[in-house]
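First up is the structure itself, then whatever we jot down about it.
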Amino acid sequence: MAYSEAIAKRIRKALGHILKIEEKKMFGNLAFLVNGKICLTAGPQRMMCRINPNLHDQEIHRKGCSTVIMKGREYKGYIHIKEENLTDETDFQHWVDLALEFNNQLTKK
């Protein structure tokens, strides 16, 4: 299934102020790399957000969220959010802010 164009458009707009962004198709999703690191992805009816793993347990309990699982392995710090739970701009921006905050920590190392 193809990624959500609506989510991709919202992510592009939210990241529009950042200079070092690359879009890359990966695993059927459209990944948004900031400073060379995966930050957010638009997937089929969901967005993936890469956050600080230390925040994972508190954020995963939000409505419509699930831990990313690939090949049977859970990835702490990677959270899927259902598109239906991103309709409120405040909720959407919450995830973008968490992803950018963690990306900033990664790229300062």
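Ligands are numbered from 1 in the order shown, chains are lettered A, B, ... in the order of the structure tokens, and residues start at 1 in each chain.
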With a distance cut-off of 9 Å and only C-alpha atoms, select the neighbouring residues of Ala2 (chain A), excluding the residue or stretch itself and same-chain residues fewer than 3 positions from it, and output the selection as a tab-separated table (two decimals) with all heavy atoms, in the first residue's frame.
```tsv
chain	number	residue	atom	x	y	z
A	5	GLU	N	-0.40	10.59	0.94
A	5	GLU	CA	0.03	11.88	0.38
A	5	GLU	C	-0.36	13.03	1.30
A	5	GLU	O	0.37	14.01	1.41
A	5	GLU	CB	-0.58	12.10	-1.01
A	5	GLU	CG	0.07	11.29	-2.11
A	5	GLU	CD	1.46	11.79	-2.49
A	5	GLU	OE1	1.84	12.92	-2.12
A	5	GLU	OE2	2.17	11.02	-3.16
A	28	GLY	N	8.04	1.14	1.43
A	28	GLY	CA	6.68	1.53	1.12
A	28	GLY	C	6.24	2.83	1.76
A	28	GLY	O	5.09	3.24	1.63
A	29	ASN	N	7.13	3.48	2.47
A	29	ASN	CA	6.85	4.75	3.13
A	29	ASN	C	7.66	5.85	2.48
A	29	ASN	O	8.58	5.59	1.71
A	29	ASN	CB	7.23	4.68	4.62
A	29	ASN	CG	6.45	3.65	5.38
A	29	ASN	OD1	5.25	3.54	5.25
A	29	ASN	ND2	7.15	2.87	6.18
A	30	LEU	N	7.35	7.08	2.80
A	30	LEU	CA	8.16	8.21	2.39
A	30	LEU	C	8.82	8.76	3.65
A	30	LEU	O	8.15	9.28	4.53
A	30	LEU	CB	7.32	9.29	1.71
A	30	LEU	CG	8.10	10.50	1.19
A	30	LEU	CD1	9.11	10.07	0.12
A	30	LEU	CD2	7.16	11.56	0.64
A	43	GLY	N	3.34	6.98	6.00
A	43	GLY	CA	3.05	5.61	5.60
A	43	GLY	C	1.59	5.49	5.23
A	43	GLY	O	0.87	6.49	5.16
A	44	PRO	N	1.12	4.27	4.99
A	44	PRO	CA	-0.29	4.08	4.68
A	44	PRO	C	-1.16	4.32	5.91
A	44	PRO	O	-1.05	3.59	6.90
A	44	PRO	CB	-0.36	2.63	4.21
A	44	PRO	CG	0.86	1.97	4.77
A	44	PRO	CD	1.89	3.04	4.97
```
Legend entry - Residue with smallest distance to Phe102 (chain A) - pool A:Ile81, A:Ile51, A:Ile7, A:Ala42, counting only C-alpha atoms: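 Using only C-alpha atoms, Phe102 (chain A) sits closest to A:Ile51.
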Could you pull out all residues of chain A with a DSSP call of strand (DSSP E) and give them as a short mmCIF file (atom, residue, chain, number, x, y, z; two decimals) with all heavy atoms, in the first residue's frame?
```cif
data_model
loop_
_atom_site.label_atom_id
_atom_site.label_comp_id
_atom_site.auth_asym_id
_atom_site.auth_seq_id
_atom_site.Cartn_x
_atom_site.Cartn_y
_atom_site.Cartn_z
N ILE A 21 16.78 18.81 4.49
CA ILE A 21 15.76 17.77 4.48
C ILE A 21 15.92 16.95 3.20
O ILE A 21 16.13 17.50 2.12
CB ILE A 21 14.34 18.35 4.53
CG1 ILE A 21 14.11 19.08 5.83
CG2 ILE A 21 13.31 17.25 4.35
CD1 ILE A 21 12.78 19.75 5.91
N GLU A 22 15.80 15.65 3.34
CA GLU A 22 15.83 14.76 2.19
C GLU A 22 14.62 13.85 2.29
O GLU A 22 14.29 13.36 3.37
CB GLU A 22 17.11 13.93 2.21
CG GLU A 22 17.23 12.96 1.07
CD GLU A 22 18.48 12.08 1.17
OE1 GLU A 22 19.28 12.26 2.11
OE2 GLU A 22 18.62 11.20 0.31
N GLU A 23 13.93 13.65 1.18
CA GLU A 23 12.82 12.71 1.12
C GLU A 23 13.32 11.45 0.42
O GLU A 23 13.97 11.53 -0.61
CB GLU A 23 11.64 13.29 0.35
CG GLU A 23 10.98 14.45 1.05
CD GLU A 23 9.77 14.97 0.30
OE1 GLU A 23 9.16 14.22 -0.49
OE2 GLU A 23 9.42 16.15 0.51
N LYS A 24 13.00 10.31 1.02
CA LYS A 24 13.48 9.05 0.46
C LYS A 24 12.41 7.98 0.63
O LYS A 24 11.88 7.80 1.73
CB LYS A 24 14.76 8.62 1.19
CG LYS A 24 15.47 7.44 0.58
CD LYS A 24 16.71 7.08 1.38
CE LYS A 24 17.85 7.95 0.92
NZ LYS A 24 19.14 7.50 1.46
N LYS A 25 12.09 7.28 -0.46
CA LYS A 25 11.13 6.18 -0.37
C LYS A 25 11.83 4.98 0.25
O LYS A 25 12.89 4.56 -0.22
CB LYS A 25 10.57 5.84 -1.75
CG LYS A 25 9.65 6.92 -2.27
CD LYS A 25 9.00 6.53 -3.56
CE LYS A 25 8.08 7.66 -4.02
NZ LYS A 25 7.45 7.37 -5.30
N MET A 26 11.22 4.47 1.32
CA MET A 26 11.80 3.35 2.06
C MET A 26 10.68 2.45 2.57
O MET A 26 9.76 2.94 3.23
CB MET A 26 12.61 3.85 3.26
CG MET A 26 13.72 4.80 2.94
SD MET A 26 14.48 5.50 4.42
CE MET A 26 15.46 4.14 4.96
N ASN A 29 7.13 3.48 2.47
CA ASN A 29 6.85 4.75 3.13
C ASN A 29 7.66 5.85 2.48
O ASN A 29 8.58 5.59 1.71
CB ASN A 29 7.23 4.68 4.62
CG ASN A 29 6.45 3.65 5.38
OD1 ASN A 29 5.25 3.54 5.25
ND2 ASN A 29 7.15 2.87 6.18
N LEU A 30 7.35 7.08 2.80
CA LEU A 30 8.16 8.21 2.39
C LEU A 30 8.82 8.76 3.65
O LEU A 30 8.15 9.28 4.53
CB LEU A 30 7.32 9.29 1.71
CG LEU A 30 8.10 10.50 1.19
CD1 LEU A 30 9.11 10.07 0.12
CD2 LEU A 30 7.16 11.56 0.64
N ALA A 31 10.13 8.57 3.73
CA ALA A 31 10.88 9.01 4.91
C ALA A 31 11.37 10.44 4.72
O ALA A 31 11.78 10.83 3.62
CB ALA A 31 12.07 8.08 5.14
N PHE A 32 11.33 11.18 5.80
CA PHE A 32 11.86 12.54 5.82
C PHE A 32 13.09 12.52 6.71
O PHE A 32 12.99 12.32 7.92
CB PHE A 32 10.81 13.52 6.35
CG PHE A 32 9.66 13.70 5.40
CD1 PHE A 32 8.61 12.79 5.38
CD2 PHE A 32 9.63 14.76 4.51
CE1 PHE A 32 7.55 12.93 4.50
CE2 PHE A 32 8.57 14.92 3.62
CZ PHE A 32 7.53 14.00 3.61
N LEU A 33 14.25 12.70 6.08
CA LEU A 33 15.51 12.72 6.80
C LEU A 33 15.89 14.17 7.07
O LEU A 33 15.85 15.01 6.15
CB LEU A 33 16.60 12.04 5.99
CG LEU A 33 16.54 10.52 5.89
CD1 LEU A 33 15.42 10.06 4.97
CD2 LEU A 33 17.85 9.97 5.39
N VAL A 34 16.21 14.45 8.29
CA VAL A 34 16.66 15.78 8.69
C VAL A 34 18.10 15.63 9.14
O VAL A 34 18.41 14.79 9.99
CB VAL A 34 15.77 16.37 9.82
CG1 VAL A 34 16.30 17.73 10.26
CG2 VAL A 34 14.33 16.48 9.35
N LYS A 37 19.37 12.02 9.12
CA LYS A 37 18.79 11.03 10.03
C LYS A 37 17.28 10.94 9.81
O LYS A 37 16.60 11.95 9.64
CB LYS A 37 19.03 11.42 11.50
CG LYS A 37 20.46 11.68 11.87
CD LYS A 37 21.21 10.40 12.06
CE LYS A 37 22.61 10.73 12.58
NZ LYS A 37 23.47 9.58 12.55
N ILE A 38 16.74 9.70 9.85
CA ILE A 38 15.30 9.54 9.74
C ILE A 38 14.64 10.27 10.90
O ILE A 38 15.00 10.08 12.06
CB ILE A 38 14.89 8.06 9.74
CG1 ILE A 38 15.38 7.38 8.46
CG2 ILE A 38 13.38 7.92 9.87
CD1 ILE A 38 15.09 5.90 8.39
N CYS A 39 13.64 11.08 10.56
CA CYS A 39 12.95 11.88 11.56
C CYS A 39 11.47 11.50 11.62
O CYS A 39 10.95 11.19 12.68
CB CYS A 39 13.12 13.36 11.21
SG CYS A 39 12.54 14.51 12.44
N LEU A 40 10.81 11.52 10.46
CA LEU A 40 9.40 11.21 10.33
C LEU A 40 9.19 10.43 9.04
O LEU A 40 9.98 10.57 8.11
CB LEU A 40 8.56 12.49 10.26
CG LEU A 40 8.60 13.42 11.47
CD1 LEU A 40 8.23 14.84 11.07
CD2 LEU A 40 7.67 12.92 12.55
N THR A 41 8.14 9.63 8.99
CA THR A 41 7.76 9.02 7.72
C THR A 41 6.26 9.12 7.54
O THR A 41 5.49 9.12 8.50
CB THR A 41 8.17 7.52 7.61
OG1 THR A 41 7.37 6.74 8.49
CG2 THR A 41 9.63 7.31 7.91
N ALA A 42 5.87 9.21 6.28
CA ALA A 42 4.47 9.10 5.90
C ALA A 42 4.27 7.68 5.40
O ALA A 42 5.00 7.23 4.51
CB ALA A 42 4.13 10.11 4.80
N GLY A 43 3.34 6.98 6.00
CA GLY A 43 3.05 5.61 5.60
C GLY A 43 1.59 5.49 5.23
O GLY A 43 0.87 6.49 5.16
N ARG A 46 -0.85 6.27 8.30
CA ARG A 46 -0.14 6.50 9.56
C ARG A 46 1.14 7.30 9.32
O ARG A 46 1.65 7.38 8.21
CB ARG A 46 0.19 5.19 10.25
CG ARG A 46 1.19 4.34 9.49
CD ARG A 46 1.40 3.01 10.15
NE ARG A 46 2.39 2.24 9.42
CZ ARG A 46 2.52 0.94 9.50
NH1 ARG A 46 1.72 0.25 10.30
NH2 ARG A 46 3.46 0.31 8.83
N MET A 47 1.62 7.88 10.40
CA MET A 47 2.90 8.57 10.40
C MET A 47 3.81 7.85 11.39
O MET A 47 3.34 7.35 12.41
CB MET A 47 2.72 10.03 10.83
CG MET A 47 4.01 10.82 10.91
SD MET A 47 3.75 12.61 11.17
CE MET A 47 3.30 12.65 12.91
N MET A 48 5.08 7.79 11.07
CA MET A 48 6.05 7.24 12.01
C MET A 48 6.88 8.40 12.52
O MET A 48 7.29 9.28 11.76
CB MET A 48 6.95 6.20 11.34
CG MET A 48 7.83 5.41 12.32
SD MET A 48 9.33 6.24 12.90
CE MET A 48 10.23 6.49 11.38
N CYS A 49 7.11 8.39 13.80
CA CYS A 49 7.84 9.45 14.46
C CYS A 49 9.01 8.82 15.22
O CYS A 49 8.82 7.89 15.99
CB CYS A 49 6.89 10.17 15.43
SG CYS A 49 7.60 11.56 16.28
N ARG A 50 10.21 9.34 14.97
CA ARG A 50 11.38 8.87 15.71
C ARG A 50 11.64 9.83 16.86
O ARG A 50 11.96 11.00 16.65
CB ARG A 50 12.61 8.82 14.79
CG ARG A 50 13.82 8.25 15.46
CD ARG A 50 14.98 8.17 14.51
NE ARG A 50 16.12 7.53 15.13
CZ ARG A 50 17.33 7.53 14.62
NH1 ARG A 50 17.56 8.13 13.46
NH2 ARG A 50 18.31 6.94 15.24
N CYS A 65 -1.52 5.19 18.93
CA CYS A 65 -0.07 4.95 18.84
C CYS A 65 0.27 3.48 19.01
O CYS A 65 -0.38 2.76 19.75
CB CYS A 65 0.66 5.75 19.92
SG CYS A 65 0.50 7.51 19.70
N SER A 66 1.34 3.07 18.33
CA SER A 66 1.88 1.72 18.50
C SER A 66 3.37 1.75 18.22
O SER A 66 3.87 2.61 17.48
CB SER A 66 1.18 0.73 17.57
OG SER A 66 1.38 1.08 16.22
N THR A 67 4.07 0.83 18.84
CA THR A 67 5.51 0.71 18.63
C THR A 67 5.78 0.13 17.26
O THR A 67 5.09 -0.79 16.82
CB THR A 67 6.12 -0.21 19.71
OG1 THR A 67 5.84 0.35 21.00
CG2 THR A 67 7.63 -0.36 19.54
N VAL A 68 6.76 0.65 16.56
CA VAL A 68 7.16 0.10 15.27
C VAL A 68 7.76 -1.29 15.49
O VAL A 68 8.62 -1.46 16.36
CB VAL A 68 8.17 1.02 14.55
CG1 VAL A 68 8.75 0.36 13.32
CG2 VAL A 68 7.52 2.35 14.20
N ILE A 69 7.28 -2.25 14.72
CA ILE A 69 7.79 -3.62 14.78
C ILE A 69 8.22 -4.02 13.37
O ILE A 69 7.43 -3.90 12.43
CB ILE A 69 6.72 -4.60 15.30
CG1 ILE A 69 6.29 -4.21 16.72
CG2 ILE A 69 7.25 -6.04 15.27
CD1 ILE A 69 5.11 -4.99 17.25
N MET A 70 9.45 -4.44 13.23
CA MET A 70 9.96 -4.94 11.95
C MET A 70 10.64 -6.27 12.19
O MET A 70 11.46 -6.39 13.10
CB MET A 70 10.94 -3.95 11.32
CG MET A 70 10.27 -2.69 10.80
SD MET A 70 11.26 -1.67 9.71
CE MET A 70 12.77 -1.42 10.59
N ARG A 73 10.74 -7.57 15.70
CA ARG A 73 11.48 -6.82 16.71
C ARG A 73 10.83 -5.46 16.95
O ARG A 73 10.52 -4.74 16.00
CB ARG A 73 12.92 -6.60 16.24
CG ARG A 73 13.74 -5.80 17.23
CD ARG A 73 15.20 -5.70 16.82
NE ARG A 73 15.89 -4.87 17.77
CZ ARG A 73 16.53 -3.75 17.44
NH1 ARG A 73 16.61 -3.37 16.19
NH2 ARG A 73 17.12 -3.03 18.36
N GLU A 74 10.61 -5.12 18.23
CA GLU A 74 10.08 -3.82 18.59
C GLU A 74 11.21 -2.79 18.61
O GLU A 74 12.30 -3.07 19.12
CB GLU A 74 9.43 -3.87 19.97
CG GLU A 74 8.14 -4.65 20.00
CD GLU A 74 7.41 -4.52 21.33
OE1 GLU A 74 7.91 -3.85 22.26
OE2 GLU A 74 6.31 -5.11 21.42
N TYR A 75 10.92 -1.61 18.08
CA TYR A 75 11.91 -0.54 18.01
C TYR A 75 11.50 0.59 18.94
O TYR A 75 10.63 1.40 18.61
CB TYR A 75 12.06 -0.03 16.58
CG TYR A 75 12.85 -0.99 15.72
CD1 TYR A 75 12.25 -2.10 15.16
CD2 TYR A 75 14.20 -0.80 15.50
CE1 TYR A 75 12.97 -3.01 14.39
CE2 TYR A 75 14.94 -1.69 14.73
CZ TYR A 75 14.31 -2.79 14.18
OH TYR A 75 15.04 -3.67 13.43
N LYS A 76 12.12 0.63 20.10
CA LYS A 76 11.83 1.67 21.09
C LYS A 76 12.32 3.01 20.54
O LYS A 76 13.45 3.11 20.07
CB LYS A 76 12.53 1.33 22.41
CG LYS A 76 11.98 2.07 23.58
CD LYS A 76 12.49 1.49 24.88
CE LYS A 76 11.73 2.12 26.02
NZ LYS A 76 12.02 1.54 27.29
N GLY A 77 11.46 4.00 20.61
CA GLY A 77 11.81 5.31 20.06
C GLY A 77 11.23 5.54 18.67
O GLY A 77 11.33 6.63 18.13
N TYR A 78 10.60 4.52 18.12
CA TYR A 78 9.93 4.63 16.82
C TYR A 78 8.45 4.31 17.05
O TYR A 78 8.11 3.21 17.47
CB TYR A 78 10.51 3.64 15.82
CG TYR A 78 11.93 3.95 15.40
CD1 TYR A 78 13.01 3.56 16.20
CD2 TYR A 78 12.20 4.62 14.22
CE1 TYR A 78 14.32 3.83 15.82
CE2 TYR A 78 13.51 4.89 13.83
CZ TYR A 78 14.56 4.50 14.64
OH TYR A 78 15.84 4.76 14.27
N ILE A 79 7.60 5.30 16.78
CA ILE A 79 6.18 5.15 17.08
C ILE A 79 5.34 5.44 15.83
O ILE A 79 5.56 6.44 15.15
CB ILE A 79 5.76 6.11 18.22
CG1 ILE A 79 6.47 5.72 19.52
CG2 ILE A 79 4.25 6.12 18.41
CD1 ILE A 79 6.17 6.61 20.71
N HIS A 80 4.39 4.54 15.56
CA HIS A 80 3.39 4.79 14.52
C HIS A 80 2.20 5.50 15.15
O HIS A 80 1.77 5.13 16.24
CB HIS A 80 2.88 3.47 13.91
CG HIS A 80 3.81 2.85 12.94
ND1 HIS A 80 4.06 1.51 12.90
CD2 HIS A 80 4.55 3.39 11.94
CE1 HIS A 80 4.90 1.24 11.94
NE2 HIS A 80 5.22 2.37 11.34
N ILE A 81 1.69 6.49 14.44
CA ILE A 81 0.49 7.18 14.88
C ILE A 81 -0.52 7.09 13.74
O ILE A 81 -0.22 7.46 12.60
CB ILE A 81 0.75 8.67 15.21
CG1 ILE A 81 1.89 8.82 16.21
CG2 ILE A 81 -0.51 9.32 15.76
CD1 ILE A 81 3.21 9.15 15.60
N LYS A 82 -1.70 6.58 14.03
CA LYS A 82 -2.75 6.44 13.01
C LYS A 82 -3.15 7.82 12.49
O LYS A 82 -3.26 8.78 13.26
CB LYS A 82 -3.98 5.74 13.58
CG LYS A 82 -3.76 4.29 13.90
CD LYS A 82 -5.04 3.67 14.44
CE LYS A 82 -4.83 2.24 14.85
NZ LYS A 82 -6.05 1.66 15.42
#
```
Inset, instruction - Could you jot down the CA of Gly16 (chain A) to CA of Tyr3 (chain A) separation for me, Å, one decimal place? - result: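 Straight-line distance from CA of Gly16 (chain A) to CA of Tyr3 (chain A) works out to 19.5 Å.
Coordinates place CA of Arg10 (chain A) at a distance of 23.2 Å from CA of His61 (chain A).
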Legend entry - Selected residue of minimal separation from Glu83 (chain A) among A:Phe27, A:Asn54, A:Gln45, A:Lys63, counting only C-alpha atoms: A:Gln45
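Considering only C-alpha atoms, the residue among A:Asp88, A:Gln58, A:Leu100, A:Thr107 positioned nearest to Ile18 (chain A) is A:Leu100.
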Legend entry - Straight-line distance linking CA of Pro53 (chain A) with CA of Thr87 (chain A), stated in Å to one decimal: 24.7 Å
Inset, instruction - Write out as an MDAnalysis selection string all residues of chain A that DSSP puts in alpha helix (DSSP H) for this structure's backbone. - result: chainID A and resid 5:14 56:59 89:108
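The residue that comes closest to Glu59 (chain A), out of A:Trp95, A:Gly72, A:Lys20, A:Leu106 and on the basis of only C-alpha atoms, is A:Trp95.
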